[in-house]
$ cat upload_25.cif   # mmCIF, C-alpha atoms
data_work
loop_
_atom_site.group_PDB
_atom_site.id
_atom_site.type_symbol
_atom_site.label_atom_id
_atom_site.label_comp_id
_atom_site.auth_asym_id
_atom_site.auth_seq_id
_atom_site.Cartn_x
_atom_site.Cartn_y
_atom_site.Cartn_z
ATOM 1 C CA MET A 1 -142.372 -17.596 11.742
ATOM 2 C CA GLN A 2 -144.963 -14.873 12.276
ATOM 3 C CA ARG A 3 -145.584 -14.247 15.977
ATOM 4 C CA ARG A 4 -148.094 -11.961 17.693
ATOM 5 C CA PHE A 5 -146.502 -8.733 18.892
ATOM 6 C CA TYR A 6 -147.766 -5.840 21.019
ATOM 7 C CA GLN A 7 -146.062 -2.621 22.031
ATOM 8 C CA VAL A 8 -147.216 -1.327 25.393
ATOM 9 C CA ASP A 9 -146.870 2.113 26.980
ATOM 10 C CA VAL A 10 -146.274 1.610 30.717
ATOM 11 C CA PHE A 11 -146.401 4.003 33.693
ATOM 12 C CA SER A 12 -148.252 6.935 32.149
ATOM 13 C CA SER A 13 -151.893 7.922 31.736
ATOM 14 C CA THR A 14 -150.949 9.880 28.584
ATOM 15 C CA ALA A 15 -150.206 7.940 25.396
ATOM 16 C CA TYR A 16 -146.547 7.944 24.312
ATOM 17 C CA LYS A 17 -145.415 9.522 27.595
ATOM 18 C CA GLY A 18 -144.542 6.310 29.449
ATOM 19 C CA ASN A 19 -141.960 3.585 28.851
ATOM 20 C CA PRO A 20 -142.506 1.463 25.728
ATOM 21 C CA LEU A 21 -142.201 -2.312 25.951
ATOM 22 C CA GLY A 22 -142.119 -4.829 23.124
ATOM 23 C CA VAL A 23 -144.002 -8.053 23.938
ATOM 24 C CA VAL A 24 -143.700 -11.159 21.774
ATOM 25 C CA LEU A 25 -146.757 -13.169 22.777
ATOM 26 C CA ASP A 26 -145.687 -16.458 21.162
ATOM 27 C CA GLY A 27 -142.203 -17.021 22.556
ATOM 28 C CA GLU A 28 -142.141 -20.811 22.380
ATOM 29 C CA GLU A 29 -139.298 -22.477 20.463
ATOM 30 C CA LEU A 30 -137.330 -19.224 20.256
ATOM 31 C CA GLU A 31 -133.665 -19.666 21.128
ATOM 32 C CA THR A 32 -131.960 -17.190 23.439
ATOM 33 C CA PRO A 33 -129.766 -15.664 20.671
ATOM 34 C CA ALA A 34 -132.891 -14.823 18.640
ATOM 35 C CA MET A 35 -134.435 -13.137 21.677
ATOM 36 C CA GLN A 36 -131.252 -11.138 22.228
ATOM 37 C CA ASP A 37 -131.012 -10.160 18.559
ATOM 38 C CA TYR A 38 -134.505 -8.689 18.439
ATOM 39 C CA SER A 39 -134.091 -6.905 21.773
ATOM 40 C CA LEU A 40 -130.860 -5.279 20.602
ATOM 41 C CA TRP A 41 -132.285 -4.360 17.194
ATOM 42 C CA SER A 42 -135.521 -2.914 18.643
ATOM 43 C CA ASN A 43 -133.665 -0.217 20.610
ATOM 44 C CA LEU A 44 -136.379 -0.468 23.287
ATOM 45 C CA SER A 45 -135.504 -0.411 26.984
ATOM 46 C CA GLU A 46 -136.712 -4.016 27.266
ATOM 47 C CA VAL A 47 -138.428 -6.720 25.249
ATOM 48 C CA THR A 48 -140.269 -9.694 26.762
ATOM 49 C CA TYR A 49 -141.229 -13.120 25.461
ATOM 50 C CA VAL A 50 -144.326 -14.920 26.761
ATOM 51 C CA LEU A 51 -143.968 -18.646 27.403
ATOM 52 C CA PRO A 52 -146.019 -21.407 29.047
ATOM 53 C CA ALA A 53 -145.651 -21.520 32.806
ATOM 54 C CA THR A 54 -143.504 -24.212 34.376
ATOM 55 C CA ASP A 55 -144.972 -23.621 37.840
ATOM 56 C CA PRO A 56 -148.604 -24.749 38.201
ATOM 57 C CA LYS A 57 -149.394 -21.662 40.299
ATOM 58 C CA ALA A 58 -148.440 -19.257 37.470
ATOM 59 C CA ASP A 59 -150.763 -17.939 34.761
ATOM 60 C CA PHE A 60 -147.841 -17.567 32.336
ATOM 61 C CA ARG A 61 -144.050 -17.251 32.222
ATOM 62 C CA PHE A 62 -141.948 -14.585 30.507
ATOM 63 C CA ARG A 63 -138.321 -13.734 29.839
ATOM 64 C CA ILE A 64 -136.944 -10.192 29.908
ATOM 65 C CA PHE A 65 -134.169 -8.852 27.689
ATOM 66 C CA ALA A 66 -132.576 -5.422 27.835
ATOM 67 C CA ARG A 67 -130.573 -5.428 24.628
ATOM 68 C CA GLN A 68 -128.350 -8.522 25.002
ATOM 69 C CA HIS A 69 -128.757 -8.790 28.796
ATOM 70 C CA GLU A 70 -131.398 -11.020 30.361
ATOM 71 C CA TYR A 71 -132.942 -9.794 33.639
ATOM 72 C CA ARG A 72 -134.367 -11.974 36.370
ATOM 73 C CA PHE A 73 -136.940 -9.263 37.041
ATOM 74 C CA ALA A 74 -137.846 -5.737 35.939
ATOM 75 C CA GLY A 75 -140.941 -3.714 36.782
ATOM 76 C CA HIS A 76 -142.176 -2.130 33.559
ATOM 77 C CA PRO A 77 -141.700 -5.422 31.643
ATOM 78 C CA ALA A 78 -143.738 -7.271 34.283
ATOM 79 C CA LEU A 79 -146.669 -4.857 34.063
ATOM 80 C CA GLY A 80 -146.488 -4.373 30.286
ATOM 81 C CA THR A 81 -146.360 -8.116 29.635
ATOM 82 C CA ALA A 82 -149.310 -8.682 31.957
ATOM 83 C CA ARG A 83 -151.307 -5.991 30.122
ATOM 84 C CA ALA A 84 -150.453 -7.557 26.747
ATOM 85 C CA TRP A 85 -151.358 -11.074 27.936
ATOM 86 C CA LEU A 86 -154.730 -9.876 29.230
ATOM 87 C CA GLU A 87 -155.431 -7.874 26.051
ATOM 88 C CA ALA A 88 -154.576 -10.925 23.923
ATOM 89 C CA GLY A 89 -157.291 -12.960 25.663
ATOM 90 C CA GLY A 90 -155.465 -14.404 28.645
ATOM 91 C CA VAL A 91 -157.800 -15.336 31.506
ATOM 92 C CA PRO A 92 -156.230 -15.361 34.973
ATOM 93 C CA ARG A 93 -157.290 -17.919 37.544
ATOM 94 C CA ASP A 94 -158.159 -15.021 39.861
ATOM 95 C CA PRO A 95 -159.824 -12.039 38.097
ATOM 96 C CA ARG A 96 -158.240 -9.672 40.648
ATOM 97 C CA GLN A 97 -154.683 -10.980 40.491
ATOM 98 C CA LEU A 98 -152.256 -12.557 38.031
ATOM 99 C CA ILE A 99 -149.395 -14.804 39.092
ATOM 100 C CA VAL A 100 -146.536 -14.468 36.614
ATOM 101 C CA GLU A 101 -143.347 -16.503 36.468
ATOM 102 C CA CYS A 102 -139.947 -14.984 35.634
ATOM 103 C CA GLY A 103 -136.309 -15.456 36.548
ATOM 104 C CA ALA A 104 -137.002 -14.098 40.043
ATOM 105 C CA GLY A 105 -139.722 -16.713 40.630
ATOM 106 C CA LEU A 106 -143.435 -16.067 41.041
ATOM 107 C CA VAL A 107 -144.592 -12.432 41.077
ATOM 108 C CA PRO A 108 -148.201 -11.465 41.937
ATOM 109 C CA ILE A 109 -149.739 -8.639 39.878
ATOM 110 C CA ASN A 110 -152.941 -7.005 41.106
ATOM 111 C CA ILE A 111 -155.528 -5.981 38.499
ATOM 112 C CA ASP A 112 -157.494 -2.752 38.988
ATOM 113 C CA GLN A 113 -158.870 -1.727 35.562
ATOM 114 C CA ASP A 114 -156.143 0.314 33.798
ATOM 115 C CA VAL A 115 -153.765 0.098 36.765
ATOM 116 C CA LEU A 116 -151.677 -3.018 37.333
ATOM 117 C CA SER A 117 -149.409 -3.355 40.386
ATOM 118 C CA PHE A 118 -146.679 -5.899 41.074
ATOM 119 C CA ALA A 119 -145.464 -7.139 44.434
ATOM 120 C CA SER A 120 -141.950 -5.734 44.608
ATOM 121 C CA PRO A 121 -139.554 -8.678 45.071
ATOM 122 C CA ALA A 122 -137.063 -8.830 47.906
ATOM 123 C CA PRO A 123 -133.735 -7.187 47.037
ATOM 124 C CA LEU A 124 -130.815 -9.324 45.954
ATOM 125 C CA ARG A 125 -128.411 -6.711 47.278
ATOM 126 C CA THR A 126 -128.916 -3.932 49.777
ATOM 127 C CA GLY A 127 -126.891 -1.895 52.252
ATOM 128 C CA PRO A 128 -124.303 0.878 51.843
ATOM 129 C CA ILE A 129 -122.225 1.373 48.717
ATOM 130 C CA ASP A 130 -118.524 1.075 49.524
ATOM 131 C CA ALA A 131 -116.530 4.295 49.448
ATOM 132 C CA GLU A 132 -114.504 3.547 46.320
ATOM 133 C CA GLU A 133 -117.520 2.577 44.230
ATOM 134 C CA LEU A 134 -119.573 5.483 45.567
ATOM 135 C CA ALA A 135 -116.810 7.916 44.611
ATOM 136 C CA GLU A 136 -116.832 6.461 41.096
ATOM 137 C CA ILE A 137 -120.618 6.863 40.833
ATOM 138 C CA LEU A 138 -120.459 10.492 42.000
ATOM 139 C CA GLU A 139 -117.748 11.135 39.429
ATOM 140 C CA ILE A 140 -119.986 9.688 36.706
ATOM 141 C CA LEU A 141 -122.813 11.971 37.901
ATOM 142 C CA ASP A 142 -120.370 14.901 38.101
ATOM 143 C CA ILE A 143 -121.614 15.954 41.535
ATOM 144 C CA GLU A 144 -119.952 16.758 44.842
ATOM 145 C CA PRO A 145 -120.551 14.517 47.885
ATOM 146 C CA SER A 146 -122.018 17.532 49.694
ATOM 147 C CA VAL A 147 -125.213 17.462 47.575
ATOM 148 C CA MET A 148 -125.837 13.789 48.402
ATOM 149 C CA ILE A 149 -128.086 12.945 51.335
ATOM 150 C CA ASP A 150 -127.672 9.155 51.249
ATOM 151 C CA ALA A 151 -126.825 6.191 49.019
ATOM 152 C CA GLN A 152 -127.789 2.523 49.011
ATOM 153 C CA TRP A 153 -127.790 -0.621 46.901
ATOM 154 C CA VAL A 154 -131.395 -1.254 45.818
ATOM 155 C CA ASP A 155 -130.822 -4.207 43.519
ATOM 156 C CA ASN A 156 -133.898 -6.392 42.971
ATOM 157 C CA GLY A 157 -132.717 -7.775 39.642
ATOM 158 C CA PRO A 158 -131.191 -5.204 37.275
ATOM 159 C CA GLY A 159 -128.440 -4.087 39.701
ATOM 160 C CA TRP A 160 -129.481 -0.594 40.833
ATOM 161 C CA ALA A 161 -127.440 1.683 43.070
ATOM 162 C CA ALA A 162 -129.552 4.598 44.369
ATOM 163 C CA ILE A 163 -128.308 8.101 45.170
ATOM 164 C CA LEU A 164 -130.588 10.450 47.131
ATOM 165 C CA LEU A 165 -129.905 14.148 46.442
ATOM 166 C CA GLU A 166 -131.065 17.353 48.126
ATOM 167 C CA ASN A 167 -133.974 18.011 45.764
ATOM 168 C CA SER A 168 -135.417 17.376 42.319
ATOM 169 C CA GLU A 169 -133.565 20.317 40.769
ATOM 170 C CA ARG A 170 -130.252 18.639 41.593
ATOM 171 C CA VAL A 171 -131.535 15.471 39.936
ATOM 172 C CA LEU A 172 -132.594 17.232 36.742
ATOM 173 C CA ASP A 173 -129.367 19.243 36.532
ATOM 174 C CA ILE A 174 -127.183 16.131 36.310
ATOM 175 C CA VAL A 175 -125.258 15.693 33.066
ATOM 176 C CA PRO A 176 -123.597 12.275 33.415
ATOM 177 C CA ARG A 177 -120.044 11.644 32.266
ATOM 178 C CA ILE A 178 -118.869 8.449 30.626
ATOM 179 C CA PRO A 179 -116.226 6.794 32.851
ATOM 180 C CA GLN A 180 -112.765 6.088 31.523
ATOM 181 C CA ARG A 181 -112.790 2.387 32.323
ATOM 182 C CA THR A 182 -115.081 -0.080 30.607
ATOM 183 C CA GLY A 183 -117.848 -1.622 32.638
ATOM 184 C CA ARG A 184 -121.538 -1.455 33.425
ATOM 185 C CA TRP A 185 -123.342 0.784 35.925
ATOM 186 C CA LYS A 186 -127.042 1.013 36.847
ATOM 187 C CA ILE A 187 -127.550 4.272 38.758
ATOM 188 C CA GLY A 188 -130.813 5.635 40.127
ATOM 189 C CA VAL A 189 -130.867 9.292 41.169
ATOM 190 C CA ILE A 190 -133.673 10.576 43.406
ATOM 191 C CA GLY A 191 -134.670 13.993 44.784
ATOM 192 C CA ALA A 192 -137.761 15.350 46.522
ATOM 193 C CA LEU A 193 -140.158 17.436 44.430
ATOM 194 C CA PRO A 194 -141.583 20.717 45.829
ATOM 195 C CA GLN A 195 -144.828 19.515 47.377
ATOM 196 C CA GLU A 196 -146.616 22.837 46.905
ATOM 197 C CA ARG A 197 -146.420 22.302 43.123
ATOM 198 C CA TRP A 198 -146.251 18.531 42.608
ATOM 199 C CA PRO A 199 -148.556 15.693 43.679
ATOM 200 C CA GLU A 200 -145.635 13.277 43.223
ATOM 201 C CA LYS A 201 -143.082 12.831 46.003
ATOM 202 C CA PHE A 202 -139.752 12.327 44.194
ATOM 203 C CA GLU A 203 -138.227 12.973 40.778
ATOM 204 C CA VAL A 204 -136.330 9.891 39.598
ATOM 205 C CA ARG A 205 -133.761 9.267 36.881
ATOM 206 C CA ALA A 206 -132.462 5.834 35.867
ATOM 207 C CA LEU A 207 -129.086 5.757 34.108
ATOM 208 C CA THR A 208 -127.321 2.809 32.512
ATOM 209 C CA ILE A 209 -123.705 3.218 31.446
ATOM 210 C CA GLU A 210 -122.242 0.316 29.531
ATOM 211 C CA ASP A 211 -119.016 0.075 27.539
ATOM 212 C CA GLY A 212 -118.840 3.767 26.743
ATOM 213 C CA ALA A 213 -122.553 4.337 26.048
ATOM 214 C CA LEU A 214 -125.192 6.036 28.185
ATOM 215 C CA ARG A 215 -128.908 5.214 28.180
ATOM 216 C CA GLU A 216 -131.571 6.877 30.307
ATOM 217 C CA ASP A 217 -134.627 4.764 31.027
ATOM 218 C CA PRO A 218 -137.916 6.680 30.648
ATOM 219 C CA VAL A 219 -139.804 5.134 33.621
ATOM 220 C CA THR A 220 -138.507 2.296 35.790
ATOM 221 C CA GLY A 221 -140.621 0.057 38.015
ATOM 222 C CA SER A 222 -137.828 -1.999 39.561
ATOM 223 C CA LEU A 223 -135.812 1.068 40.607
ATOM 224 C CA ASN A 224 -138.815 2.968 41.958
ATOM 225 C CA GLY A 225 -139.999 -0.054 43.930
ATOM 226 C CA ALA A 226 -136.682 -0.994 45.504
ATOM 227 C CA ALA A 227 -135.771 2.658 46.154
ATOM 228 C CA ALA A 228 -139.178 3.337 47.729
ATOM 229 C CA GLN A 229 -138.687 0.429 50.115
ATOM 230 C CA TRP A 230 -135.323 1.869 51.154
ATOM 231 C CA LEU A 231 -136.686 5.428 51.485
ATOM 232 C CA ILE A 232 -139.617 4.234 53.610
ATOM 233 C CA ASP A 233 -137.434 2.039 55.832
ATOM 234 C CA ALA A 234 -134.920 4.884 56.275
ATOM 235 C CA GLY A 235 -137.603 7.427 57.149
ATOM 236 C CA TYR A 236 -137.270 9.594 54.025
ATOM 237 C CA ALA A 237 -140.791 8.756 52.797
ATOM 238 C CA THR A 238 -144.094 7.254 53.865
ATOM 239 C CA ALA A 239 -146.515 5.085 51.899
ATOM 240 C CA PRO A 240 -148.520 5.534 49.793
ATOM 241 C CA LEU A 241 -146.426 7.666 47.475
ATOM 242 C CA THR A 242 -146.128 8.417 43.770
ATOM 243 C CA ASN A 243 -142.852 9.230 41.995
ATOM 244 C CA HIS A 244 -142.340 11.104 38.742
ATOM 245 C CA GLN A 245 -139.840 10.047 36.077
ATOM 246 C CA GLY A 246 -138.943 10.842 32.487
ATOM 247 C CA THR A 247 -138.611 14.641 32.421
ATOM 248 C CA ILE A 248 -135.196 14.749 30.753
ATOM 249 C CA VAL A 249 -136.242 12.329 27.988
ATOM 250 C CA GLY A 250 -139.609 14.006 27.308
ATOM 251 C CA ARG A 251 -141.828 11.583 29.234
ATOM 252 C CA ASP A 252 -144.415 12.009 31.977
ATOM 253 C CA GLY A 253 -144.263 8.842 34.044
ATOM 254 C CA GLN A 254 -146.011 8.196 37.344
ATOM 255 C CA VAL A 255 -145.162 5.195 39.493
ATOM 256 C CA HIS A 256 -147.487 4.461 42.424
ATOM 257 C CA MET A 257 -146.236 2.653 45.548
ATOM 258 C CA ASN A 258 -148.175 1.384 48.546
ATOM 259 C CA LEU A 259 -147.541 -0.895 51.518
ATOM 260 C CA VAL A 260 -150.114 -3.571 52.305
ATOM 261 C CA ASP A 261 -149.289 -5.935 55.186
ATOM 262 C CA ASP A 262 -145.573 -5.073 54.853
ATOM 263 C CA GLN A 263 -145.582 -5.893 51.115
ATOM 264 C CA LEU A 264 -144.692 -3.025 48.771
ATOM 265 C CA TRP A 265 -146.845 -2.840 45.651
ATOM 266 C CA VAL A 266 -145.644 -0.899 42.601
ATOM 267 C CA GLY A 267 -148.064 0.081 39.865
ATOM 268 C CA GLY A 268 -149.171 2.410 37.123
ATOM 269 C CA ASN A 269 -151.290 2.803 34.020
ATOM 270 C CA SER A 270 -150.508 0.794 30.903
ATOM 271 C CA ALA A 271 -152.004 0.767 27.426
ATOM 272 C CA ILE A 272 -151.520 -1.210 24.211
ATOM 273 C CA LEU A 273 -150.508 1.215 21.443
ATOM 274 C CA ILE A 274 -149.331 -1.158 18.695
ATOM 275 C CA LYS A 275 -150.684 -4.577 17.673
ATOM 276 C CA GLY A 276 -149.291 -6.733 14.913
ATOM 277 C CA THR A 277 -146.962 -9.582 14.059
ATOM 278 C CA ILE A 278 -143.220 -9.952 14.058
ATOM 279 C CA GLU A 279 -141.039 -12.283 12.009
ATOM 280 C CA LEU A 280 -138.920 -14.321 14.449
#
$ encode --input "upload_25.cif" --output "structure tokens"
Amino acid sequence: MQRRFYQVDVFSSTAYKGNPLGVVLDGEELETPAMQDYSLWSNLSEVTYVLPATDPKADFRFRIFARQHEYRFAGHPALGTARAWLEAGGVPRDPRQLIVECGAGLVPINIDQDVLSFASPAPLRTGPIDAEELAEILEILDIEPSVMIDAQWVDNGPGWAAILLENSERVLDIVPRIPQRTGRWKIGVIGALPQERWPEKFEVRALTIEDGALREDPVTGSLNGAAAQWLIDAGYATAPLTNHQGTIVGRDGQVHMNLVDDQLWVGGNSAILIKGTIEL
């Protein structure tokens, strides 16, 4: 059947410089394999499907697919889906805040004109990366341990491991290598930008290696949020801060983070660039 479809540019104030998201606004009665098939075929970082809420506190529910994988939570899909729902005529109970339902539960999203911000969920996994796995990650990144400042699991849904390097130049110089063994890695690489030239604090890259293929995400809310919480707690950063992402893939993403009453909020600009229908 014909279903309403929007494509949203998330985390940039310049059109086509953020992270695109496909949003199917009428996701009811779609089976999981059909959702996976479109997500894989679209070649987008993620696709979401809007559904009626099952929790009475939520304004709507959505499911997130990255190719054939379903995520409990991801940042740019949360904000892009919220923007699409509002643009399509959705009316939140509170005009200042949406409550959205996903695999991670209920997620508040603050509304401030063009900027939407989600409450970063608590991590599913944190703490140090064990030596063997860390060595494998550094081999994938083709870097020596001496250029690494710190490393930490920052998994709030997708499975991120974060590597903090000496500076942004080290981050941008990385040319990842495909590992010999099959498997799946989600690696975030972070380095401080020169503050005399950049308003943003860190340059960020988000790499997914899966079964012999490498994908670099343009701009990543979940990674920036979970990594920012770690960097703040560890004393490497203070809130509020803005990170930059997307340089290597030709994007200009800005992700804004702030702490309010010990809750980290992650936000950015988002805009609808395509409206239409999709046959699903």
$ resolve_selection --input "upload_25.cif" --expression "the PyMOL selection byres ((chain A and resi 126-136) around 10)" --output "count of residues only"
27
$ closest_residue --input "upload_25.cif" --among "A:His256, A:Arg4, A:His69, A:Lys201" --to "Gly225 of chain A" --atoms "all atoms listed in the file"
A:His256
$ closest_residue --input "upload_25.cif" --among "A:Leu165, A:Leu44, A:Ile190, A:Met1" --to "Asp217 of chain A" --atoms "only C-alpha atoms"
A:Leu44
$ residues_around --input "upload_25.cif" --residues "segment 98-107 of chain A" --least-positions-apart "4" --cutoff "10 Å" --atoms "all atoms listed in the file" --output "PDB file with C-alpha atoms, keeping the file's coordinate frame"
ATOM      1  CA  VAL A  50    -144.326 -14.920  26.761  1.00  0.00           C
ATOM      2  CA  LEU A  51    -143.968 -18.646  27.403  1.00  0.00           C
ATOM      3  CA  PRO A  52    -146.019 -21.407  29.047  1.00  0.00           C
ATOM      4  CA  ALA A  53    -145.651 -21.520  32.806  1.00  0.00           C
ATOM      5  CA  THR A  54    -143.504 -24.212  34.376  1.00  0.00           C
ATOM      6  CA  ASP A  55    -144.972 -23.621  37.840  1.00  0.00           C
ATOM      7  CA  PRO A  56    -148.604 -24.749  38.201  1.00  0.00           C
ATOM      8  CA  LYS A  57    -149.394 -21.662  40.299  1.00  0.00           C
ATOM      9  CA  ALA A  58    -148.440 -19.257  37.470  1.00  0.00           C
ATOM     10  CA  ASP A  59    -150.763 -17.939  34.761  1.00  0.00           C
ATOM     11  CA  PHE A  60    -147.841 -17.567  32.336  1.00  0.00           C
ATOM     12  CA  ARG A  61    -144.050 -17.251  32.222  1.00  0.00           C
ATOM     13  CA  PHE A  62    -141.948 -14.585  30.507  1.00  0.00           C
ATOM     14  CA  ARG A  63    -138.321 -13.734  29.839  1.00  0.00           C
ATOM     15  CA  ILE A  64    -136.944 -10.192  29.908  1.00  0.00           C
ATOM     16  CA  GLU A  70    -131.398 -11.020  30.361  1.00  0.00           C
ATOM     17  CA  TYR A  71    -132.942  -9.794  33.639  1.00  0.00           C
ATOM     18  CA  ARG A  72    -134.367 -11.974  36.370  1.00  0.00           C
ATOM     19  CA  PHE A  73    -136.940  -9.263  37.041  1.00  0.00           C
ATOM     20  CA  ALA A  74    -137.846  -5.737  35.939  1.00  0.00           C
ATOM     21  CA  ALA A  78    -143.738  -7.271  34.283  1.00  0.00           C
ATOM     22  CA  LEU A  79    -146.669  -4.857  34.063  1.00  0.00           C
ATOM     23  CA  THR A  81    -146.360  -8.116  29.635  1.00  0.00           C
ATOM     24  CA  ALA A  82    -149.310  -8.682  31.957  1.00  0.00           C
ATOM     25  CA  LEU A  86    -154.730  -9.876  29.230  1.00  0.00           C
ATOM     26  CA  VAL A  91    -157.800 -15.336  31.506  1.00  0.00           C
ATOM     27  CA  PRO A  92    -156.230 -15.361  34.973  1.00  0.00           C
ATOM     28  CA  ARG A  93    -157.290 -17.919  37.544  1.00  0.00           C
ATOM     29  CA  ASP A  94    -158.159 -15.021  39.861  1.00  0.00           C
ATOM     30  CA  ILE A 111    -155.528  -5.981  38.499  1.00  0.00           C
ATOM     31  CA  LEU A 116    -151.677  -3.018  37.333  1.00  0.00           C
ATOM     32  CA  SER A 117    -149.409  -3.355  40.386  1.00  0.00           C
ATOM     33  CA  PHE A 118    -146.679  -5.899  41.074  1.00  0.00           C
ATOM     34  CA  ALA A 119    -145.464  -7.139  44.434  1.00  0.00           C
ATOM     35  CA  SER A 120    -141.950  -5.734  44.608  1.00  0.00           C
ATOM     36  CA  PRO A 121    -139.554  -8.678  45.071  1.00  0.00           C
ATOM     37  CA  ALA A 122    -137.063  -8.830  47.906  1.00  0.00           C
ATOM     38  CA  LEU A 124    -130.815  -9.324  45.954  1.00  0.00           C
ATOM     39  CA  ASN A 156    -133.898  -6.392  42.971  1.00  0.00           C
ATOM     40  CA  GLY A 157    -132.717  -7.775  39.642  1.00  0.00           C
TER      41      GLY A 157
END
$ atom_distance --input "upload_25.cif" --atom1 "atom CA of Pro33 of chain A" --atom2 "atom CA of Arg67 of chain A"
11.0 Å
$ resolve_selection --input "upload_25.cif" --expression "the PyMOL selection byres ((chain A and resi 213) around 10)" --output "JSON, numbers by chain"
{"A": [177, 178, 179, 182, 184, 208, 209, 210, 211, 212, 214, 215]}
$ atom_distance --input "upload_25.cif" --atom1 "atom CA of Glu196 of chain A" --atom2 "atom CA of Glu169 of chain A"
14.6 Å
$ resolve_selection --input "upload_25.cif" --expression "the PyMOL selection byres ((chain A and resi 221) around 8)" --output "PDB file with C-alpha atoms, keeping the file's coordinate frame"
ATOM      1  CA  ALA A  74    -137.846  -5.737  35.939  1.00  0.00           C
ATOM      2  CA  GLY A  75    -140.941  -3.714  36.782  1.00  0.00           C
ATOM      3  CA  HIS A  76    -142.176  -2.130  33.559  1.00  0.00           C
ATOM      4  CA  VAL A 219    -139.804   5.134  33.621  1.00  0.00           C
ATOM      5  CA  THR A 220    -138.507   2.296  35.790  1.00  0.00           C
ATOM      6  CA  SER A 222    -137.828  -1.999  39.561  1.00  0.00           C
ATOM      7  CA  LEU A 223    -135.812   1.068  40.607  1.00  0.00           C
ATOM      8  CA  ASN A 224    -138.815   2.968  41.958  1.00  0.00           C
ATOM      9  CA  GLY A 225    -139.999  -0.054  43.930  1.00  0.00           C
ATOM     10  CA  VAL A 255    -145.162   5.195  39.493  1.00  0.00           C
ATOM     11  CA  VAL A 266    -145.644  -0.899  42.601  1.00  0.00           C
ATOM     12  CA  GLY A 267    -148.064   0.081  39.865  1.00  0.00           C
TER      13      GLY A 267
END
$ atom_distance --input "upload_25.cif" --atom1 "atom CA of Val23 of chain A" --atom2 "atom CA of Val8 of chain A"
7.6 Å
$ closest_residue --input "upload_25.cif" --among "A:Ser39, A:Ser45, A:Leu25, A:Trp185" --to "Gly89 of chain A" --atoms "only C-alpha atoms"
A:Leu25
$ closest_residue --input "upload_25.cif" --among "A:Gly276, A:Gly268, A:Pro158, A:Gly188" --to "Ala88 of chain A" --atoms "all atoms listed in the file"
A:Gly276
$ closest_residue --input "upload_25.cif" --among "A:Arg3, A:His244, A:Arg170, A:Arg251" --to "Ile278 of chain A" --atoms "only C-alpha atoms"
A:Arg3
$ axis_aligned_box --input "upload_25.cif" --around "segment 99-110 of chain A" --padding-each-side "3 Å" --output "AutoDock Vina command-line options"
--center_x -144.6 --center_y -11.9 --center_z 38.8 --size_x 22.6 --size_y 15.7 --size_z 12.3
$ residues_around --input "upload_25.cif" --residues "Leu273 of chain A" --least-positions-apart "2" --cutoff "12 Å" --atoms "only C-alpha atoms" --output "list in words"
Phe5, Tyr6, Gln7, Val8, Asp9, Val10, Thr14, Ala15, Tyr16, Lys17, Gly18, Asn19, Pro20, Leu21, Gly22, Val23, Gly80, Arg83, Ala84, Glu87, Ser270, Ala271, Lys275 and Gly276 of chain A
$ write_last_selection --input "upload_25.cif" --atoms "C-alpha atoms" --output "PDB file, in the coordinates of the input"
ATOM      1  CA  PHE A   5    -146.502  -8.733  18.892  1.00  0.00           C
ATOM      2  CA  TYR A   6    -147.766  -5.840  21.019  1.00  0.00           C
ATOM      3  CA  GLN A   7    -146.062  -2.621  22.031  1.00  0.00           C
ATOM      4  CA  VAL A   8    -147.216  -1.327  25.393  1.00  0.00           C
ATOM      5  CA  ASP A   9    -146.870   2.113  26.980  1.00  0.00           C
ATOM      6  CA  VAL A  10    -146.274   1.610  30.717  1.00  0.00           C
ATOM      7  CA  THR A  14    -150.949   9.880  28.584  1.00  0.00           C
ATOM      8  CA  ALA A  15    -150.206   7.940  25.396  1.00  0.00           C
ATOM      9  CA  TYR A  16    -146.547   7.944  24.312  1.00  0.00           C
ATOM     10  CA  LYS A  17    -145.415   9.522  27.595  1.00  0.00           C
ATOM     11  CA  GLY A  18    -144.542   6.310  29.449  1.00  0.00           C
ATOM     12  CA  ASN A  19    -141.960   3.585  28.851  1.00  0.00           C
ATOM     13  CA  PRO A  20    -142.506   1.463  25.728  1.00  0.00           C
ATOM     14  CA  LEU A  21    -142.201  -2.312  25.951  1.00  0.00           C
ATOM     15  CA  GLY A  22    -142.119  -4.829  23.124  1.00  0.00           C
ATOM     16  CA  VAL A  23    -144.002  -8.053  23.938  1.00  0.00           C
ATOM     17  CA  GLY A  80    -146.488  -4.373  30.286  1.00  0.00           C
ATOM     18  CA  ARG A  83    -151.307  -5.991  30.122  1.00  0.00           C
ATOM     19  CA  ALA A  84    -150.453  -7.557  26.747  1.00  0.00           C
ATOM     20  CA  GLU A  87    -155.431  -7.874  26.051  1.00  0.00           C
ATOM     21  CA  SER A 270    -150.508   0.794  30.903  1.00  0.00           C
ATOM     22  CA  ALA A 271    -152.004   0.767  27.426  1.00  0.00           C
ATOM     23  CA  LYS A 275    -150.684  -4.577  17.673  1.00  0.00           C
ATOM     24  CA  GLY A 276    -149.291  -6.733  14.913  1.00  0.00           C
TER      25      GLY A 276
END
$ closest_residue --input "upload_25.cif" --among "A:Gln2, A:Phe65, A:Gly191, A:Trp85" --to "Ile272 of chain A" --atoms "all atoms listed in the file"
A:Trp85
$ residues_around --input "upload_25.cif" --residues "Glu200 of chain A" --least-positions-apart "4" --cutoff "12 Å" --atoms "only C-alpha atoms" --output "count of residues only"
22
